[in-house]
file run-v2.tsv (TSV, C-alpha atoms)
chain	number	residue	atom	x	y	z
F	1	GLN	CA	30.65	-42.18	-13.93
F	2	GLU	CA	27.83	-39.79	-13.24
F	3	GLN	CA	27.01	-37.18	-10.58
F	4	ILE	CA	23.85	-36.31	-8.72
F	5	GLN	CA	24.07	-32.54	-8.85
F	6	THR	CA	20.84	-31.47	-7.14
F	7	LEU	CA	18.41	-33.38	-4.96
F	8	LYS	CA	15.50	-31.82	-3.10
F	9	ILE	CA	13.08	-33.68	-0.80
F	10	SER	CA	10.03	-32.11	0.82
F	11	THR	CA	7.70	-33.76	3.37
F	12	SER	CA	4.91	-32.36	5.52
F	13	THR	CA	6.44	-33.80	8.70
F	14	LEU	CA	10.19	-33.41	8.18
F	15	GLY	CA	10.26	-30.29	6.02
F	16	GLU	CA	12.55	-29.57	3.07
F	17	TRP	CA	15.94	-31.22	2.51
F	18	GLN	CA	18.61	-30.56	-0.13
F	19	ASN	CA	22.08	-31.87	-0.94
F	20	ARG	CA	24.96	-29.46	-0.37
F	21	ALA	CA	27.48	-31.12	-2.71
F	22	PRO	CA	27.35	-33.37	-5.77
F	23	ALA	CA	27.50	-37.14	-5.19
F	24	LYS	CA	29.35	-39.50	-7.52
F	25	LEU	CA	27.40	-42.41	-9.00
F	26	THR	CA	29.16	-45.21	-10.85
F	27	ILE	CA	27.03	-47.74	-12.77
F	28	SER	CA	28.16	-50.81	-14.71
F	29	ALA	CA	26.72	-54.20	-15.64
F	30	ASP	CA	28.34	-55.88	-12.65
F	31	SER	CA	28.28	-53.20	-9.96
F	32	THR	CA	26.86	-49.86	-8.78
F	33	VAL	CA	28.48	-47.44	-6.32
F	34	LEU	CA	27.00	-44.28	-4.77
F	35	GLN	CA	29.63	-42.24	-2.93
F	36	GLU	CA	28.23	-40.32	0.04
F	37	LEU	CA	25.06	-38.55	-0.93
F	38	CYS	CA	24.24	-36.07	1.86
F	39	ILE	CA	21.05	-34.06	2.28
F	40	SER	CA	20.78	-31.32	4.89
F	41	GLN	CA	18.31	-29.05	6.61
F	42	HIS	CA	19.88	-26.25	8.63
F	43	TYR	CA	22.32	-28.12	10.91
F	44	MET	CA	20.79	-31.62	10.32
F	45	ASN	CA	22.45	-34.10	7.98
F	46	ILE	CA	21.55	-37.47	6.44
F	47	CYS	CA	24.26	-39.20	4.40
F	48	GLN	CA	24.05	-42.35	2.30
F	49	ILE	CA	26.81	-44.59	0.92
F	50	SER	CA	25.73	-47.68	-1.02
F	51	SER	CA	27.07	-50.26	-3.44
F	52	TRP	CA	25.85	-53.27	-5.36
F	53	ASP	CA	28.02	-56.09	-6.66
F	54	LYS	CA	26.82	-58.94	-8.83
F	55	THR	CA	28.40	-61.57	-6.60
F	56	GLN	CA	28.22	-59.95	-3.14
F	57	GLY	CA	24.88	-58.15	-3.29
F	58	TRP	CA	23.95	-54.85	-1.64
F	59	LYS	CA	25.87	-52.89	1.00
F	60	MET	CA	24.51	-49.63	2.40
F	61	GLN	CA	25.44	-47.27	5.18
F	62	THR	CA	23.25	-44.41	6.40
F	63	LYS	CA	24.39	-41.74	8.85
F	64	VAL	CA	22.06	-39.26	10.55
F	65	SER	CA	23.37	-36.43	12.72
F	66	GLN	CA	21.84	-33.60	14.77
F	67	PHE	CA	18.26	-34.71	14.06
F	68	PRO	CA	15.66	-33.28	16.52
F	69	LEU	CA	13.41	-36.02	17.92
F	70	SER	CA	10.60	-33.47	18.24
F	71	LEU	CA	10.05	-33.95	14.49
F	72	LEU	CA	8.80	-37.46	15.31
F	73	SER	CA	6.07	-36.22	17.67
F	74	ASP	CA	3.29	-37.21	15.24
F	75	TYR	CA	4.40	-40.85	15.53
F	76	LEU	CA	4.49	-40.97	19.36
F	77	PRO	CA	1.62	-41.64	21.81
F	78	LYS	CA	-0.01	-38.31	22.64
F	79	PRO	CA	1.02	-38.20	26.35
F	80	LEU	CA	4.70	-38.41	25.35
F	81	ALA	CA	6.90	-35.63	24.03
F	82	LEU	CA	10.63	-35.67	23.30
F	83	ALA	CA	12.92	-32.65	23.46
F	84	SER	CA	16.25	-34.07	22.38
F	85	SER	CA	18.22	-34.72	19.22
F	86	ILE	CA	20.07	-37.60	17.61
F	87	ASN	CA	23.76	-36.92	17.89
F	88	GLN	CA	24.53	-39.73	15.45
F	89	LEU	CA	22.64	-42.68	13.98
F	90	VAL	CA	24.60	-45.19	11.92
F	91	VAL	CA	22.84	-48.03	10.05
F	92	ASN	CA	24.71	-50.69	8.06
F	93	ILE	CA	22.73	-53.00	5.76
F	94	GLN	CA	24.06	-55.98	3.82
F	95	SER	CA	22.10	-58.35	1.60
F	96	ASP	CA	22.67	-61.10	-0.94
F	97	ARG	CA	20.10	-63.17	-2.81
F	98	LYS	CA	19.22	-65.32	0.23
F	99	ASN	CA	19.96	-63.41	3.42
F	100	TRP	CA	20.20	-59.90	4.69
F	101	SER	CA	21.29	-58.25	7.91
F	102	ALA	CA	21.38	-54.80	9.45
F	103	SER	CA	23.19	-53.38	12.42
F	104	GLY	CA	23.66	-49.97	13.86
F	105	SER	CA	23.99	-47.65	16.79
F	106	LEU	CA	22.23	-44.54	18.03
F	107	SER	CA	23.41	-41.83	20.39
F	108	THR	CA	21.41	-38.82	21.52
F	109	ASN	CA	22.34	-35.51	23.06
F	110	ASN	CA	21.10	-34.16	26.38
F	111	GLY	CA	17.35	-33.67	26.38
F	112	GLN	CA	14.12	-34.40	28.19
F	113	VAL	CA	11.11	-36.69	28.07
F	114	THR	CA	7.75	-35.12	28.94
F	115	TYR	CA	4.66	-37.10	29.98
F	116	THR	CA	1.20	-35.55	30.41
F	117	THR	CA	-1.03	-37.39	32.89
F	118	ALA	CA	-4.80	-37.85	32.61
F	119	ASN	CA	-5.18	-34.86	35.00
F	120	GLN	CA	-3.03	-32.76	32.64
F	121	ASP	CA	-0.12	-32.77	35.08
F	122	ILE	CA	3.15	-32.54	33.18
F	123	ILE	CA	6.04	-34.73	34.35
F	124	THR	CA	9.43	-33.97	32.89
F	125	PHE	CA	12.51	-36.20	33.04
F	126	ALA	CA	15.79	-34.72	31.87
F	127	HIS	CA	18.32	-37.20	30.49
F	128	ASN	CA	21.99	-37.44	29.72
F	129	PRO	CA	23.27	-38.62	26.32
F	130	SER	CA	21.77	-42.06	25.65
F	131	VAL	CA	22.92	-45.01	23.57
F	132	ALA	CA	21.10	-47.73	21.62
F	133	LYS	CA	22.42	-50.65	19.59
F	134	PHE	CA	20.55	-53.02	17.32
F	135	ASN	CA	21.11	-56.06	15.13
F	136	TRP	CA	18.59	-57.21	12.52
F	137	ASN	CA	19.28	-60.60	10.95
F	138	ASN	CA	16.71	-61.88	8.44
F	139	SER	CA	13.53	-61.88	10.54
F	140	LEU	CA	14.86	-61.27	14.06
F	141	LEU	CA	15.42	-57.78	15.45
F	142	LYS	CA	17.39	-57.37	18.69
F	143	ALA	CA	17.92	-54.00	20.32
F	144	ASP	CA	19.32	-52.65	23.57
F	145	PHE	CA	18.56	-49.13	24.75
F	146	ASN	CA	20.08	-47.28	27.69
F	147	LEU	CA	18.64	-43.99	28.91
F	148	THR	CA	20.14	-42.18	31.88
F	149	LEU	CA	17.72	-39.79	33.60
F	150	VAL	CA	19.20	-36.91	35.55
F	151	ASP	CA	17.14	-34.21	37.17
F	152	GLY	CA	16.54	-32.58	40.52
F	153	SER	CA	14.09	-35.31	41.46
F	154	ALA	CA	14.65	-38.19	39.03
F	155	VAL	CA	18.04	-39.75	38.50
F	156	GLY	CA	18.54	-43.24	37.15
F	157	LEU	CA	19.14	-45.66	34.32
F	158	ILE	CA	16.61	-47.40	32.08
F	159	ASP	CA	17.90	-50.48	30.24
F	160	MET	CA	15.55	-52.05	27.68
F	161	PRO	CA	16.69	-55.01	25.54
F	162	LEU	CA	13.97	-56.31	23.20
F	163	LYS	CA	13.36	-58.76	20.35
F	164	PHE	CA	10.92	-58.68	17.41
F	165	ASN	CA	10.25	-61.24	14.69
F	166	THR	CA	9.93	-59.05	11.61
F	167	ALA	CA	8.46	-61.89	9.53
F	168	THR	CA	5.27	-61.58	11.60
F	169	PRO	CA	2.74	-58.81	10.81
F	170	TRP	CA	3.18	-55.82	13.12
F	171	LEU	CA	-0.09	-56.19	15.05
F	172	GLU	CA	0.59	-59.91	15.58
F	173	GLN	CA	4.02	-59.39	17.10
F	174	LYS	CA	4.84	-61.23	20.31
F	175	LEU	CA	6.73	-59.04	22.72
F	176	ASN	CA	9.85	-60.44	24.36
F	177	MET	CA	11.44	-57.61	26.30
F	178	ASP	CA	13.19	-57.14	29.62
F	179	LEU	CA	12.97	-53.70	31.19
F	180	ASN	CA	15.29	-52.62	33.99
F	181	ILE	CA	14.81	-49.27	35.71
F	182	ASN	CA	17.11	-47.82	38.37
F	183	LEU	CA	16.23	-44.44	39.87
F	184	GLU	CA	18.37	-42.76	42.51
F	185	LYS	CA	15.72	-40.07	43.06
F	186	ILE	CA	11.99	-40.56	42.60
F	187	GLY	CA	10.44	-37.17	43.37
F	188	GLU	CA	8.59	-36.86	40.06
F	189	LEU	CA	6.67	-40.08	40.80
F	190	SER	CA	4.67	-38.16	43.42
F	191	SER	CA	2.69	-36.56	40.58
F	192	LEU	CA	1.23	-39.97	39.69
F	193	ILE	CA	-0.29	-40.62	43.14
F	194	PRO	CA	-3.03	-38.40	44.66
F	195	PHE	CA	-2.30	-36.68	48.01
F	196	VAL	CA	1.34	-37.79	47.94
F	197	SER	CA	4.26	-35.34	47.80
F	198	ASP	CA	7.91	-34.83	48.74
F	199	THR	CA	8.83	-38.38	47.76
F	200	GLU	CA	12.45	-39.49	48.03
F	201	GLY	CA	14.29	-42.79	47.81
F	202	GLU	CA	16.12	-45.19	45.52
F	203	LEU	CA	13.99	-47.42	43.30
F	204	SER	CA	15.00	-50.33	41.10
F	205	VAL	CA	12.49	-52.33	39.05
F	206	SER	CA	13.02	-55.33	36.77
F	207	MET	CA	10.19	-56.69	34.65
F	208	HIS	CA	9.50	-58.82	31.59
F	209	ILE	CA	7.06	-57.66	28.92
F	210	GLY	CA	5.55	-60.41	26.77
F	211	GLY	CA	2.32	-61.32	25.06
F	212	PRO	CA	0.86	-59.74	21.89
F	213	LEU	CA	1.76	-56.17	20.98
F	214	THR	CA	-1.88	-55.08	21.27
F	215	GLN	CA	-2.26	-56.57	24.77
F	216	PRO	CA	1.14	-56.62	26.45
F	217	GLN	CA	1.58	-58.75	29.57
F	218	ILE	CA	3.87	-57.30	32.23
F	219	THR	CA	5.50	-59.68	34.70
F	220	LEU	CA	7.32	-58.14	37.64
F	221	LYS	CA	10.65	-59.84	38.35
F	222	ASN	CA	11.71	-57.72	41.31
F	223	LEU	CA	11.24	-54.31	42.88
F	224	ASN	CA	13.36	-52.67	45.55
F	225	LEU	CA	12.74	-49.36	47.29
F	226	LYS	CA	15.42	-48.14	49.69
F	227	ASN	CA	15.49	-45.26	52.17
F	228	GLY	CA	12.15	-43.92	51.02
F	229	THR	CA	10.32	-40.89	52.39
F	230	THR	CA	6.95	-39.47	51.40
F	231	ARG	CA	4.34	-37.00	52.63
F	232	LEU	CA	0.71	-38.17	52.98
F	233	SER	CA	-1.24	-34.91	53.15
F	234	LYS	CA	-4.64	-36.46	53.93
F	235	GLN	CA	-3.25	-38.16	57.04
F	236	GLY	CA	-0.75	-35.40	57.86
F	237	ILE	CA	2.13	-37.87	58.29
F	238	THR	CA	5.55	-38.35	56.73
F	239	PRO	CA	6.67	-41.99	56.76
F	240	LYS	CA	10.47	-42.31	56.60
F	241	ARG	CA	13.09	-45.01	56.07
F	242	ILE	CA	10.69	-46.89	53.80
F	243	ASN	CA	12.16	-50.14	52.50
F	244	LEU	CA	10.20	-52.49	50.26
F	245	SER	CA	11.27	-55.65	48.43
F	246	LEU	CA	9.16	-57.60	45.92
F	247	ILE	CA	10.78	-60.70	44.42
F	248	ALA	CA	9.12	-63.03	41.92
F	249	LYS	CA	9.54	-66.75	42.57
F	250	GLN	CA	8.44	-69.83	40.67
F	251	ASN	CA	4.75	-70.76	40.31
F	252	ASN	CA	3.71	-67.08	40.01
F	253	ARG	CA	4.52	-66.28	43.64
F	254	LEU	CA	5.60	-62.77	44.61
F	255	MET	CA	7.43	-62.47	47.93
F	256	ILE	CA	6.91	-59.23	49.90
F	257	ASN	CA	9.04	-57.75	52.65
F	258	GLY	CA	9.01	-54.17	53.87
F	259	ASN	CA	9.21	-51.75	56.76
F	260	LEU	CA	8.89	-48.05	57.54
F	261	ASN	CA	9.02	-45.54	60.38
F	262	SER	CA	6.14	-43.19	61.09
F	263	GLY	CA	6.34	-40.87	64.05
F	264	GLY	CA	8.28	-42.83	66.62
F	265	GLY	CA	6.92	-46.22	65.55
F	266	LEU	CA	8.08	-49.01	63.27
F	267	LEU	CA	5.77	-50.91	60.89
F	268	SER	CA	6.83	-54.09	59.11
F	269	MET	CA	5.17	-56.56	56.78
F	270	ASN	CA	6.09	-59.77	55.00
F	271	GLY	CA	4.31	-62.47	53.05
F	272	PHE	CA	3.46	-63.44	49.50
F	273	ILE	CA	0.97	-62.96	46.68
F	274	ASP	CA	0.03	-65.87	44.38
F	275	GLN	CA	-1.58	-65.50	40.98
F	276	ILE	CA	-3.86	-68.44	40.18
F	277	GLY	CA	-5.35	-67.98	36.73
F	278	ASN	CA	-7.24	-64.68	36.78
F	279	SER	CA	-7.52	-64.57	40.58
F	280	TYR	CA	-5.10	-63.89	43.40
F	281	GLY	CA	-4.30	-65.31	46.78
F	282	SER	CA	-2.07	-63.88	49.47
F	283	GLN	CA	-0.91	-64.20	53.04
F	284	ILE	CA	0.63	-61.09	54.57
F	285	THR	CA	1.63	-60.41	58.16
F	286	ILE	CA	1.66	-56.80	59.41
F	287	GLU	CA	3.20	-55.82	62.75
F	288	GLY	CA	3.92	-52.44	64.29
F	289	ASP	CA	4.56	-50.58	67.52
F	290	GLU	CA	3.08	-47.10	68.11
F	291	VAL	CA	2.99	-46.25	64.42
F	292	GLN	CA	1.71	-42.75	63.68
F	293	ALA	CA	-1.32	-43.15	61.39
F	294	ILE	CA	-2.92	-39.66	61.60
F	295	SER	CA	-1.42	-36.35	62.70
F	296	LEU	CA	-3.80	-33.49	61.94
F	297	LYS	CA	-4.89	-30.44	63.93
F	298	ASN	CA	-7.97	-32.09	65.43
F	299	GLN	CA	-7.06	-35.72	64.87
F	300	HIS	CA	-4.24	-37.89	66.14
F	301	LEU	CA	-3.88	-41.66	66.01
F	302	THR	CA	-1.15	-44.19	66.70
F	303	LEU	CA	-1.52	-47.92	66.11
F	304	SER	CA	0.22	-51.09	67.24
F	305	PRO	CA	-1.11	-53.77	64.86
F	306	LYS	CA	-0.40	-57.46	64.79
F	307	LEU	CA	-2.44	-58.63	61.82
F	308	SER	CA	-2.68	-61.49	59.39
F	309	LEU	CA	-4.24	-60.68	55.99
F	310	ASN	CA	-5.46	-63.58	53.84
F	311	VAL	CA	-6.93	-63.30	50.35
F	312	GLU	CA	-8.43	-66.14	48.33
F	313	GLY	CA	-10.02	-64.85	45.15
F	314	ASN	CA	-12.73	-62.43	46.26
F	315	ASP	CA	-12.63	-63.55	49.90
F	316	ILE	CA	-10.63	-61.31	52.24
F	317	SER	CA	-10.08	-62.08	55.90
F	318	VAL	CA	-8.18	-60.19	58.59
F	319	SER	CA	-7.32	-61.61	62.00
F	320	GLY	CA	-5.10	-60.65	64.92
F	321	SER	CA	-5.01	-57.72	67.29
F	322	MET	CA	-5.02	-53.92	67.07
F	323	HIS	CA	-3.85	-51.87	70.02
F	324	ILE	CA	-4.44	-48.09	69.97
F	325	PRO	CA	-1.87	-46.53	72.32
F	326	SER	CA	-3.04	-42.95	71.73
F	327	ALA	CA	-5.78	-41.14	69.86
F	328	ARG	CA	-7.39	-37.72	69.90
F	329	PHE	CA	-10.48	-36.81	67.88
F	330	ALA	CA	-12.03	-33.36	68.25
F	331	PRO	CA	-14.25	-32.60	65.24
F	332	LYS	CA	-15.06	-28.91	64.80
F	333	ASP	CA	-18.78	-29.15	64.12
F	334	LEU	CA	-21.29	-32.00	64.00
F	335	SER	CA	-24.38	-29.81	63.46
F	336	THR	CA	-24.53	-30.66	59.76
F	337	ALA	CA	-24.29	-34.41	60.32
F	338	LYS	CA	-27.27	-36.40	59.10
F	339	VAL	CA	-28.58	-39.76	60.20
F	340	VAL	CA	-29.88	-42.02	57.44
F	341	SER	CA	-33.39	-43.35	57.99
F	342	SER	CA	-33.57	-47.07	58.77
F	343	ASP	CA	-35.85	-47.67	55.78
F	344	GLU	CA	-33.62	-45.84	53.30
F	345	ILE	CA	-31.79	-47.99	50.74
F	346	ILE	CA	-28.79	-46.72	48.74
F	347	VAL	CA	-28.44	-48.31	45.33
F	348	SER	CA	-25.30	-48.16	43.21
F	349	GLU	CA	-23.74	-50.18	40.42
F	350	LYS	CA	-21.73	-52.15	42.97
F	351	THR	CA	-24.91	-53.37	44.68
F	352	GLN	CA	-26.62	-54.53	41.52
F	353	ARG	CA	-27.45	-58.21	41.30
F	354	GLY	CA	-25.06	-60.32	39.31
F	355	ASN	CA	-21.96	-58.25	40.06
F	356	THR	CA	-19.09	-60.74	40.02
F	357	ASN	CA	-16.60	-58.20	41.47
F	358	VAL	CA	-18.19	-58.17	44.93
F	359	PHE	CA	-15.64	-58.96	47.65
F	360	SER	CA	-16.44	-60.86	50.81
F	361	TYR	CA	-14.74	-59.43	53.90
F	362	THR	CA	-14.48	-61.04	57.32
F	363	SER	CA	-12.47	-60.03	60.36
F	364	ASN	CA	-11.61	-61.44	63.75
F	365	LEU	CA	-9.81	-58.69	65.63
F	366	ASP	CA	-9.04	-58.01	69.28
F	367	VAL	CA	-9.06	-54.22	69.69
F	368	SER	CA	-7.64	-52.59	72.82
F	369	LEU	CA	-7.25	-48.95	73.84
F	370	GLY	CA	-4.30	-47.36	75.62
F	371	ASP	CA	-4.32	-44.77	78.40
F	372	ASN	CA	-4.14	-41.76	76.08
F	373	VAL	CA	-7.31	-41.99	74.00
F	374	THR	CA	-9.61	-38.94	73.95
F	375	PHE	CA	-12.77	-38.07	72.04
F	376	LYS	CA	-13.95	-34.47	72.32
F	377	ILE	CA	-17.38	-33.56	70.95
F	378	PRO	CA	-18.32	-29.86	70.54
F	379	GLY	CA	-20.42	-28.68	73.48
F	380	THR	CA	-19.03	-31.31	75.87
F	381	ILE	CA	-16.04	-31.47	78.16
F	382	GLY	CA	-14.62	-34.52	76.42
F	383	ILE	CA	-14.40	-38.22	76.91
F	384	ALA	CA	-11.18	-39.91	77.97
F	385	ILE	CA	-10.98	-43.65	77.65

call {"tool": "encode", "arguments": {"input": "run-v2.tsv", "output": "structure tokens"}}
result
Amino acid sequence: QEQIQTLKISTSTLGEWQNRAPAKLTISADSTVLQELCISQHYMNICQISSWDKTQGWKMQTKVSQFPLSLLSDYLPKPLALASSINQLVVNIQSDRKNWSASGSLSTNNGQVTYTTANQDIITFAHNPSVAKFNWNNSLLKADFNLTLVDGSAVGLIDMPLKFNTATPWLEQKLNMDLNINLEKIGELSSLIPFVSDTEGELSVSMHIGGPLTQPQITLKNLNLKNGTTRLSKQGITPKRINLSLIAKQNNRLMINGNLNSGGGLLSMNGFIDQIGNSYGSQITIEGDEVQAISLKNQHLTLSPKLSLNVEGNDISVSGSMHIPSARFAPKDLSTAKVVSSDEIIVSEKTQRGNTNVFSYTSNLDVSLGDNVTFKIPGTIGIAI
């Protein structure tokens, strides 16, 4: 029987580690046993127990406690940052001459996940203690991760079971993962959408992630938004009681149903979106009654639409009726307005010949005006229609 008296490990990423107590090591022709070798750094600990038997093979157990996840920042995508720590990680490995398996569990302490957007906006999600479990048998890795977000504006649960075939090279892996997200508060999502703020509501999303690791394919299974509210600053309106349901059906069809209140009006829509190869088709019906569309100092608009939207590839058509119960437009100054000459041609990338992304748009609408529609031009009394 021997002892490992001193062990020091130094890495550029994880710093310096050293054992605090000797570890017993027993070696014979038929077996080897290492009794709890622990290395520490400040309050962090990594302990190892392992044994080898001539007939049963290897058995190992590794325990990690109080390990800050911020030390792994160099291995994460740059927009992501973790401010949490592993409360305990336990990994059990067993192997004989033919097969091997590993299983374990992970629990973290309270912490936060930080994401930096392309505009350098920082979104922070605080989370409660989280739990992960995994099982690795020969070439198949299965894992299930649960993360509970809790914050003044984001509260919810993320559940992410996944599978990997470890016999396949890493870059050739085929993803097979289901992701379920449930958020009781969605305020932080406002940072991802321009001119949107004060967002509230309950959001649940279920999706499947497949395809190669380098080009993941995300398939939405269902999405539900309940009791939503948001502020649209450009339009000056605050839609409330927003409810939206997206449910995936067979043959790549996504069913849509939703409604909202804006001002004193109700807007509803229902229909479907089909994916046919690389193109899309859809039929959506939109109906509303005196829906507030604009509410600014010099602009006001309510709409009562009854529309049918049809999309076939790059062809978009809109038909139906649009009633405008009330409108008021009073621009401050039109003296700087310019009229483009009839012989002037504006050229952009979208107008270049051979552009396959050009959309064809047709409409057949009956537009009617209500009794409270006013246009006021500076220097005039105003026009009431």

call {"tool": "closest_residue", "arguments": {"input": "run-v2.tsv", "among": "F:Ala102, F:Leu303, F:Leu34, F:Ala167", "to": "Trp136 in chain F", "atoms": "all atoms listed in the file"}}
result
F:Ala102

call {"tool": "atom_distance", "arguments": {"input": "run-v2.tsv", "atom1": "CA of Leu89 in chain F", "atom2": "CA of His42 in chain F"}}
result
17.5 Å

call {"tool": "residues_around", "arguments": {"input": "run-v2.tsv", "residues": "range 218-225 of chain F", "least_positions_apart": "5", "cutoff": "7 Å", "atoms": "all atoms listed in the file", "output": "list in words"}}
result
Gly201, Glu202, Leu203, Ser204, Val205, Ser206, Met207, His208, Ile209, Gly210, Asn243, Leu244, Ser245, Leu246, Ile247 and Ala248 of chain F

call {"tool": "atom_distance", "arguments": {"input": "run-v2.tsv", "atom1": "CA of Phe375 in chain F", "atom2": "CA of Val291 in chain F"}}
result
19.3 Å

call {"tool": "residues_around", "arguments": {"input": "run-v2.tsv", "residues": "Ile27 in chain F", "least_positions_apart": "5", "cutoff": "12 Å", "atoms": "only C-alpha atoms", "output": "list in words"}}
result
Gln1, Glu2, Gln3, Thr32, Val33, Leu34, Gln35, Ser50, Ser51, Trp52, Asp53 and Lys54 of chain F

call {"tool": "residues_around", "arguments": {"input": "run-v2.tsv", "residues": "Gly263 in chain F", "least_positions_apart": "4", "cutoff": "9 Å", "atoms": "only C-alpha atoms", "output": "list in words"}}
result
Ile237, Thr238, Pro239, Lys240, Glu290, Val291, Gln292, Ala293 and Thr302 of chain F

call {"tool": "axis_aligned_box", "arguments": {"input": "run-v2.tsv", "around": "range 62-75 of chain F", "padding_each_side": "3 Å", "output": "lines of an AutoDock Vina configuration file"}}
result
center_x = 13.8
center_y = -38.8
center_z = 12.3
size_x = 27.1
size_y = 17.1
size_z = 17.8

call {"tool": "residues_around", "arguments": {"input": "run-v2.tsv", "residues": "Leu309 in chain F", "least_positions_apart": "3", "cutoff": "10 Å", "atoms": "all atoms listed in the file", "output": "list in words"}}
result
Gly271, Ser282, Gln283, Ile284, Thr285, Ile286, Ile316, Ser317, Val318, Ser319, Gly320 and Ser363 of chain F

call {"tool": "closest_residue", "arguments": {"input": "run-v2.tsv", "among": "F:Lys59, F:Thr114, F:Phe359, F:Ser10", "to": "Glu188 in chain F", "atoms": "only C-alpha atoms"}}
result
F:Thr114

call {"tool": "atom_distance", "arguments": {"input": "run-v2.tsv", "atom1": "CA of Thr199 in chain F", "atom2": "CA of Ser233 in chain F"}}
result
11.9 Å

call {"tool": "closest_residue", "arguments": {"input": "run-v2.tsv", "among": "F:Ile186, F:Tyr115, F:Thr108, F:Ile123", "to": "Phe145 in chain F", "atoms": "all atoms listed in the file"}}
result
F:Thr108

call {"tool": "closest_residue", "arguments": {"input": "run-v2.tsv", "among": "F:Asn182, F:Asn138, F:Pro129, F:Val150", "to": "Thr166 in chain F", "atoms": "all atoms listed in the file"}}
result
F:Asn138
